[in-house]
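In what follows, a single structure is set out as structure tokens and then discussed.
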There are 2 protein chains.
Amino acid sequence: MIGLKKPDILILGAGYGGIMTAVNLEKKLGVDDANITLVNKHDYHYQTTWLHENAAGTLHHDKTRIQIKDIISPNKVKFVQDTVKEIKTDDKRVVLENGELTYDYLVVGLGFESETFGIKGLKEHAFSIRSINAAREIREHLDYKFSQYNNTQREDLLTIVVGGAGFTGIEFVGELANRVPELCKEFDIDRSKVRIVNVEAAPTALPGFDPALVEYAMEHLERKGVEFRIGTAIKECTPEGIVVEKDGHVEEIKAATVVWAAGVRGNSILDASGFETMRGRIKVEKDLRAPGFNDVFIVGDCALIINDEINRPYPPTAQIAIQEAEVCAKNLASLVKGNNELEGFTPDIKGTVCSLGEDDAIGVVGDKKIFGKTASVMKKVIDNRYLYKLGGPSMVLKKGKLKMF
Amino acid sequence: MIGLKKPDILILGAGYGGIMTAVNLEKKLGVDDANITLVNKHDYHYQTTWLHENAAGTLHHDKTRIQIKDIISPNKVKFVQDTVKEIKTDDKRVVLENGELTYDYLVVGLGFESETFGIKGLKEHAFSIRSINAAREIREHLDYKFSQYNNTQREDLLTIVVGGAGFTGIEFVGELANRVPELCKEFDIDRSKVRIVNVEAAPTALPGFDPALVEYAMEHLERKGVEFRIGTAIKECTPEGIVVEKDGHVEEIKAATVVWAAGVRGNSILDASGFETMRGRIKVEKDLRAPGFNDVFIVGDCALIINDEINRPYPPTAQIAIQEAEVCAKNLASLVKGNNELEGFTPDIKGTVCSLGEDDAIGVVGDKKIFGKTASVMKKVIDNRYLYKLGGPSMVLKKGKLKMF
């Protein structure tokens with residue numbers, strides 16, 4: 001290979017998919033093999049799956065985020081802090097807010113956006129738990145609304161509506177149920193005046209989960225004061241709250257805080273850049289490349305992977321993104337080294353655990369249903385295992401969830 | 001006195017004047033001498049002079065407030081948590097939100113209200129540091145506005161306007177100057193983007209203070225990033241900020257947070273109850289009774305005391321309120337015991353210290369000007385001395401400012 005230009009590998013986004021691709025590439029390629037560049041809006045990576053805790057105020061965001069310089073070595077991966085605007089596949093360029101970069105191989109890990117399905121007012125008046133900045137604003141919004149209560153006696157200040165009782169919605173109300181008593185103490189408020197209302201249009205909470213687990217989750221959350229409105233659609237979000245409908249009956253719920261946790265889609269930059277997508281997600285080839293592009297890999301929430309068993313897409317998760325990053329890095333290393341036989345990706349779903357707050361959770365590990373403390377500890381084990389992959393034992397010590405029992 | 005009905009002493013308000021009257025009466029009268037009742041909106045007393053720290057977020061409000069049950073003995077003083085609506089002097093009744101009480105002797109310690117001098121929009125759009133609830137809302141408002149910045153890039157979110165560079169205004173900007181770097185760290189904001197603007201209509205900051213002390217204060221606060229607009233009047237407050245005028249030049253300052261710390265007046269309940277007042281304050285007789293009423297004493301911010309040396313009112317302070325409470329309690333005890341020769345009140349101004357944040361202050365003690373660390377320690381000594389009067393050494397240990405050096 002002497003005399004040939006080293007290929008430029010450009011990774012867009014430092015979420016689970018992007019950062020783990022970089023970490024894996026660091027191990028697989030030497031500095032003489034390729035120039036690797038990672039572009040990200042912030043100088044930190046964050047654990048998207050912990051954001052609901054930051055938003056509820058039960059975990060500080062500095063625990064959730066990790067400086068990129070603490071993960072990747074600047075000798076091996078060049079980091080550029082900038083915002084991606086457009087991908088120009090025709091001439092292998094990426095337009096950034098403050099410049100542009102070219103590539104020989106591109107990895108797109110630009111993450112999710114909130115999907116509001118055209119529900120009126122949601123975009124304008126509801127929060128979405130999409131980033132550290134957004135989560136922090138939700139936390140402060142809650143504090144602020146509670147702080148206003150004793151000066152106004154407006155009860156809508158103490159009503160929190162969460163749209164969606166899927167994975168994120170349930171995990172978020174679980175944290176809220178733990179946080180609310182703390183907020184009541186801080187702001188001299190009677191707990192019985194606070195409402196946490198979880199609205200779900202589907203006929204069940206946690207669709208896809210085992211009914212026994214769903215029952216456990218709802219019962220435990222209801223005992224902590226969560227009100228469920230299942231089979232109930234949000235028709236509109238206004239500055240005053242939401243309008244819901246169930247079986248033709250329309251009702252307004254006045255609420256100073258509405259958080260939309262019901263829908264995600266891939267990054268709209270992909271549509272704008274001319275890729276063919278389904279809600280912003282690209283249905284990738286087996287080797288994780290975008291159809292028709294042998295130099296563009298897609299990882300994380302922008303990649304659509306079909307579960308052949310049921311012929312439906314896998315829901316985008318951190319678990320899948322991390323597994324994709326391994327295959328993606330392996331395939332990139334092969335290409336760089338002149339080997340065009342790439343590996344196919346198949347998700348290996350080891351389990352799913354949905355937290356219900358600090359010490360409670362439900363989940364499936366293998367074929368086994370788990371509940372309560374066991375599930376809660378399992379959740380922390382999964383989180384810590386990721387940190388280990390990301391930065392070894394020191395990262396687990398620094399950012400891990402170590403209070404297990 | 002055997003066979004006679006015990007007189008009812010009713011104290012309205014548990015601020016410095018009211019609570020200290022109760023504390024002093026507890027010592028001077030036995031349970032057989034009188035029925036003493038204290039009415040207060042909240043079940044806690046608070047140190048009004050510390051509220052600016054709670055509002056800035058540099059001190060938690062639980063340090064500033066003290067449960068009334070921890071100060072007065074229920075055997076000696078009956079506590080009623082209620083809000084005073086009107087005083088009916090004709091039939092010696094006080095109307096409360098949830099009932100009414102009669103009295104033989106009344107002590108009015110209902111405190112101050114914000115005085116906006118008719119400036120348009122101040123009442124609607126500016127905060128005032130008037131209570132624990134208000135201070136807590138200001139703290140949360142600041143946090144919330146900072147948390148919104150990275151999602152919007154709106155620079156007005158980071159501009160804090162403080163109206164008034166008198167005692168409270170200066171003490172508040174001093175705390176803000178210490179708090180802002182912490183807020184910047186918490187919310188990933190460049191300190192240089194934050195503005196603290198202190199606007200004062202008078203030709204100097206801290207009118208009445210020695211010019212050398214004023215210069216010291218302004219210089220130190222400017223070094224910490226406070227912008228002063230002296231000789232500048234606030235013409236209007238809007239949802240977007242304030243409009244100021246200096247020498248005919250009008251300017252708009254966009255600011256998401258405006259705190260009005262420039263004017264106080266006595267409680268408007270006094271006007272509504274038919275007392276003759278000057279901005280809600282009653283010019284009391286030498287013995288602290290309201291003119292024309294031999295059964296109504298006024299203490300604290302509702303009492304107007306003339307400084308004979310300059311023929312102008314003393315500014316209402318905690319120091320004076322605490323001294324008034326001693327004389328008021330002594331005079332009440334005399335009346336109860338059938339002695340109609342009451343003591344006259346003359347303030348004994350031992351000194352005045354104005355804090356400039358955690359470790360800095362200016363002040364006058366006796367004839368001596370003090371600065372910096374010395375003044376800051378003196379301020380804490382004064383605060384702790386009050387706590388000692390209120391509840392002895394255990395109160396100092398629990399709520400005192402003990403980190404002196």
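Going through the structure tokens in order, the chains are called A, B, and so on, while each chain numbers its residues from 1 and the ligands are numbered from 1 in the order shown.
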| said: Please check the contacts: residues of chain B at most 10 Å away from chain A, using only C-alpha atoms, listed as a VMD selection string. | reply: chain B and resid 60 to 62 131 to 151 186 to 188
Find the spatial neighbours of Gly248 (chain B), counting only C-alpha atoms, within a cut-off of 12 Å - ignore same-chain residues fewer than 5 positions away - and output them as a PDB file with C-alpha atoms, in the first residue's frame.
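Result written to around-v9.pdb:
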```pdb
ATOM      1  CA  GLY B 231     -28.689  57.950  37.315  1.00  0.00           C
ATOM      2  CA  THR B 232     -30.809  55.831  34.988  1.00  0.00           C
ATOM      3  CA  ALA B 233     -34.551  55.470  35.428  1.00  0.00           C
ATOM      4  CA  LYS B 235     -39.496  53.820  32.467  1.00  0.00           C
TER       5      LYS B 235
END
```
| field | For region 79-85 of chain B: contacts at 6 Å, only C-alpha atoms, fewer than 4 positions along chain excluded, given as JSON, numbers by chain | value | {"B": [37, 38, 39, 40, 41, 95, 96, 97]}
| query | Suppose you want the space between CA of Phe172 (chain A) and CA of Leu206 (chain A); what is it in Å? | reply |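 So the two atoms, CA of Phe172 (chain A) and CA of Leu206 (chain A), lie 12.7 Å apart.
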| Which residues, written as a count of residues only, have at least one atom at most 6 Å from Ala14 (chain A), with only C-alpha atoms counted and residues fewer than 4 positions away on the same chain left out? | 4
